[in-house]
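Report on the following structure.
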Amino acid sequence: MIYILILILIISTIATIMMSSIIIGLVMTGGVPFISTNKKDFKAILKAVDLKPNEVIYDLGCGKAHLLIYASKYFGAKGVGYELTLWPYLWAKLKIHLSQAQVKVFRQNFFRADLTKADVVFCYLFPEVMAKLEPKFAQELKSGSRVVSYGFKLPSKPADKTVITNDDNTELGKIYVYKY
Ligand SMILES: C[S@@+](CC[C@H](N)C(=O)[O-])C[C@H]1O[C@@H](n2cnc3c(N)ncnc32)[C@H](O)[C@@H]1O
């Protein structure tokens, strides 16, 4: 009986920590929730942006860093992620440790990140956030770098390439590549 009570206590503590981390994360990110990019699109995203071995790829709002780990494992790239929401950040740290991928994640607002060393920047964010990032990209990204956005376009800069992996009319599966 006591073991069942302890188990219930542990499960409810974990659930409370996760729920409060989600709510605090939503407040900190201005309402951008943690939703993972569809795993089946990882390869299409990284091929669309022509990611090469040893290139440095940033994921702004990296969640559990799954795309960065994939990029390190299958493309030989180096990953850098920024994530404000606590539980996906901790999950990312654990996955990186277990996979030994060449990926670093920071619990930091990506608007304060220095993007000058990025070869590729990946985003799966909201249109309002893309609009705020567009001048930062123009200011900081080096010549030859690329931005690849899943689902949402930059408002002003025309995409150099668009890849669509689905045949329905949703944003998911739409990949936009921008060259700088
Ligand atoms: C839609 S999810 C995408 C997760 C991951 N990039 C993926 O594709 O699987 C967006 C993530 O961005 C994070 N985020 C939003 N604004 C942020 C900010 N200013 N700084 C750091 N992380 C942020 C959210 O916490 C959320 O986990």
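Chain labels A, B, ... are given in the sequence in which chains occur in the structure tokens; within each chain residues are numbered consecutively from 1, and ligands are likewise numbered from 1 in the order shown.
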Given only C-alpha atoms, how would the per-residue table for segment 25-58 of chain A near segment 73-87 of chain A read, listing every residue at most 6 Å away with its closest atom pair and distance in Å to one decimal, sorted by chain and number, as CSV?
```
residue,atom,partner,partner_atom,distance
A:Gly25,CA,A:Thr85,CA,4.3
A:Pro53,CA,A:Gly76,CA,4.4
A:Asn54,CA,A:Ala77,CA,4.6
A:Glu55,CA,A:Ala77,CA,5.1
A:Val56,CA,A:Lys78,CA,4.8
A:Ile57,CA,A:Gly79,CA,5.0
A:Tyr58,CA,A:Val80,CA,4.7
```
Quick one: which chain A residues come within 6 Å of ligand 1, and what is the nearest atom pair for each with the distance in Å to one decimal, counting only C-alpha atoms and all ligand atoms, rows ordered by chain and ascending number, as CSV?
```
residue,atom,partner,partner_atom_place_in_ligand_line,distance
A:Gly25,CA,ligand 1,25 (O),5.7
A:Thr29,CA,ligand 1,16 (N),4.1
A:Val32,CA,ligand 1,15 (C),4.9
A:Pro33,CA,ligand 1,26 (C),5.0
A:Phe34,CA,ligand 1,27 (O),3.5
A:Ile35,CA,ligand 1,1 (C),4.3
A:Ser36,CA,ligand 1,9 (O),3.2
A:Thr37,CA,ligand 1,8 (O),4.0
A:Asp59,CA,ligand 1,6 (N),5.8
A:Gly61,CA,ligand 1,12 (O),3.1
A:Cys62,CA,ligand 1,6 (N),3.8
A:Gly63,CA,ligand 1,4 (C),4.0
A:Tyr82,CA,ligand 1,21 (C),5.1
A:Glu83,CA,ligand 1,22 (N),3.8
A:Leu84,CA,ligand 1,22 (N),4.3
A:Thr85,CA,ligand 1,25 (O),4.5
A:Gln108,CA,ligand 1,21 (C),5.6
A:Asn109,CA,ligand 1,20 (N),3.4
A:Phe110,CA,ligand 1,20 (N),4.2
A:Phe111,CA,ligand 1,19 (N),5.8
A:Tyr124,CA,ligand 1,3 (C),4.9
A:Leu125,CA,ligand 1,1 (C),5.1
```
If you run DSSP on this backbone, which residues of segment 12-153 of chain A come out as strand (DSSP E), and could you give them as a PyMOL selection string?
chain A and resi 56-60+78-82+103-106+120-123+146-150
With N, CA and C atoms retained, write the just-selected residues as a CSV table (one decimal), in the first residue's frame.
```
chain,number,residue,atom,x,y,z
A,56,VAL,N,27.8,24.2,-38.9
A,56,VAL,CA,27.2,24.5,-37.6
A,56,VAL,C,25.8,24.9,-37.8
A,57,ILE,N,24.9,24.1,-37.3
A,57,ILE,CA,23.4,24.3,-37.4
A,57,ILE,C,22.8,24.7,-36.1
A,58,TYR,N,22.1,25.9,-36.1
A,58,TYR,CA,21.4,26.4,-34.9
A,58,TYR,C,19.9,26.0,-35.0
A,59,ASP,N,19.3,25.6,-33.9
A,59,ASP,CA,17.9,25.4,-33.9
A,59,ASP,C,17.4,26.4,-32.8
A,60,LEU,N,16.6,27.4,-33.3
A,60,LEU,CA,16.1,28.5,-32.4
A,60,LEU,C,14.8,28.0,-31.8
A,78,LYS,N,27.5,20.1,-36.6
A,78,LYS,CA,27.6,20.4,-35.2
A,78,LYS,C,26.4,21.3,-34.9
A,79,GLY,N,25.7,20.9,-33.8
A,79,GLY,CA,24.4,21.5,-33.4
A,79,GLY,C,24.5,22.5,-32.3
A,80,VAL,N,23.8,23.6,-32.4
A,80,VAL,CA,23.7,24.5,-31.2
A,80,VAL,C,22.2,24.8,-31.1
A,81,GLY,N,21.6,24.6,-29.9
A,81,GLY,CA,20.2,24.9,-29.7
A,81,GLY,C,20.0,25.8,-28.5
A,82,TYR,N,18.9,26.6,-28.6
A,82,TYR,CA,18.4,27.5,-27.6
A,82,TYR,C,17.0,27.1,-27.2
A,103,VAL,N,26.3,18.2,-30.1
A,103,VAL,CA,25.3,19.2,-30.0
A,103,VAL,C,25.4,19.9,-28.6
A,104,LYS,N,25.2,21.3,-28.6
A,104,LYS,CA,25.2,22.0,-27.3
A,104,LYS,C,23.9,22.7,-27.2
A,105,VAL,N,23.2,22.7,-26.0
A,105,VAL,CA,22.0,23.4,-25.9
A,105,VAL,C,22.1,24.4,-24.7
A,106,PHE,N,21.5,25.5,-24.9
A,106,PHE,CA,21.5,26.6,-23.9
A,106,PHE,C,20.1,26.9,-23.5
A,120,VAL,N,23.9,27.3,-40.8
A,120,VAL,CA,22.5,27.0,-41.0
A,120,VAL,C,21.7,27.4,-39.8
A,121,VAL,N,20.5,28.0,-39.9
A,121,VAL,CA,19.6,28.3,-38.8
A,121,VAL,C,18.3,27.6,-39.1
A,122,PHE,N,17.8,26.8,-38.2
A,122,PHE,CA,16.5,26.1,-38.4
A,122,PHE,C,15.5,26.7,-37.4
A,123,CYS,N,14.3,26.9,-37.9
A,123,CYS,CA,13.2,27.5,-37.1
A,123,CYS,C,11.9,26.7,-37.3
A,146,ARG,N,22.5,29.8,-44.4
A,146,ARG,CA,21.1,29.6,-44.8
A,146,ARG,C,20.2,29.5,-43.6
A,147,VAL,N,18.9,30.0,-43.9
A,147,VAL,CA,17.9,29.7,-42.9
A,147,VAL,C,16.9,28.7,-43.5
A,148,VAL,N,16.5,27.8,-42.6
A,148,VAL,CA,15.4,26.9,-43.1
A,148,VAL,C,14.3,26.9,-42.1
A,149,SER,N,13.1,27.2,-42.6
A,149,SER,CA,12.0,27.4,-41.7
A,149,SER,C,10.9,26.3,-42.0
A,150,TYR,N,10.4,25.7,-40.9
A,150,TYR,CA,9.4,24.6,-41.1
A,150,TYR,C,8.1,25.3,-40.8
```
Determine which residues of segment 8-176 of chain A DSSP labels as alpha helix (DSSP H) from the backbone of this structure, then write them out as number ranges by chain.
A: 8-28, 42-48, 66-75, 86-99, 127-140
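You will find atom CA of Gln100 of chain A at 17.5 Å from atom CA of Pro88 of chain A.
Of note, atom CA of Gly173 of chain A and atom CA of Gly151 of chain A are spaced 6.6 Å apart.
Using only C-alpha atoms, the protein and nucleic acid residues lying no more than 12 Å from Gln139 of chain A, apart from those fewer than 2 places from it along its own chain, are Asp114, Leu115, Thr116, Leu133, Glu134, Pro135, Lys136, Phe137, Leu141, Lys142, Ser143 and Tyr180 of chain A.
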Any chance you can output those residues with C-alpha atoms as a PDB file, in the first residue's frame?
```pdb
ATOM      1  CA  ASP A 114      24.887  35.518 -31.416  1.00  0.00           C
ATOM      2  CA  LEU A 115      24.161  33.982 -34.824  1.00  0.00           C
ATOM      3  CA  THR A 116      27.370  35.077 -36.541  1.00  0.00           C
ATOM      4  CA  LEU A 133      13.817  37.357 -36.424  1.00  0.00           C
ATOM      5  CA  GLU A 134      14.050  38.609 -40.010  1.00  0.00           C
ATOM      6  CA  PRO A 135      16.072  41.800 -39.173  1.00  0.00           C
ATOM      7  CA  LYS A 136      18.297  39.795 -36.784  1.00  0.00           C
ATOM      8  CA  PHE A 137      19.103  37.354 -39.584  1.00  0.00           C
ATOM      9  CA  LEU A 141      24.144  35.967 -40.554  1.00  0.00           C
ATOM     10  CA  LYS A 142      27.358  35.596 -42.524  1.00  0.00           C
ATOM     11  CA  SER A 143      27.442  35.407 -46.285  1.00  0.00           C
ATOM     12  CA  TYR A 180      22.184  35.027 -47.072  1.00  0.00           C
TER      13      TYR A 180
END
```
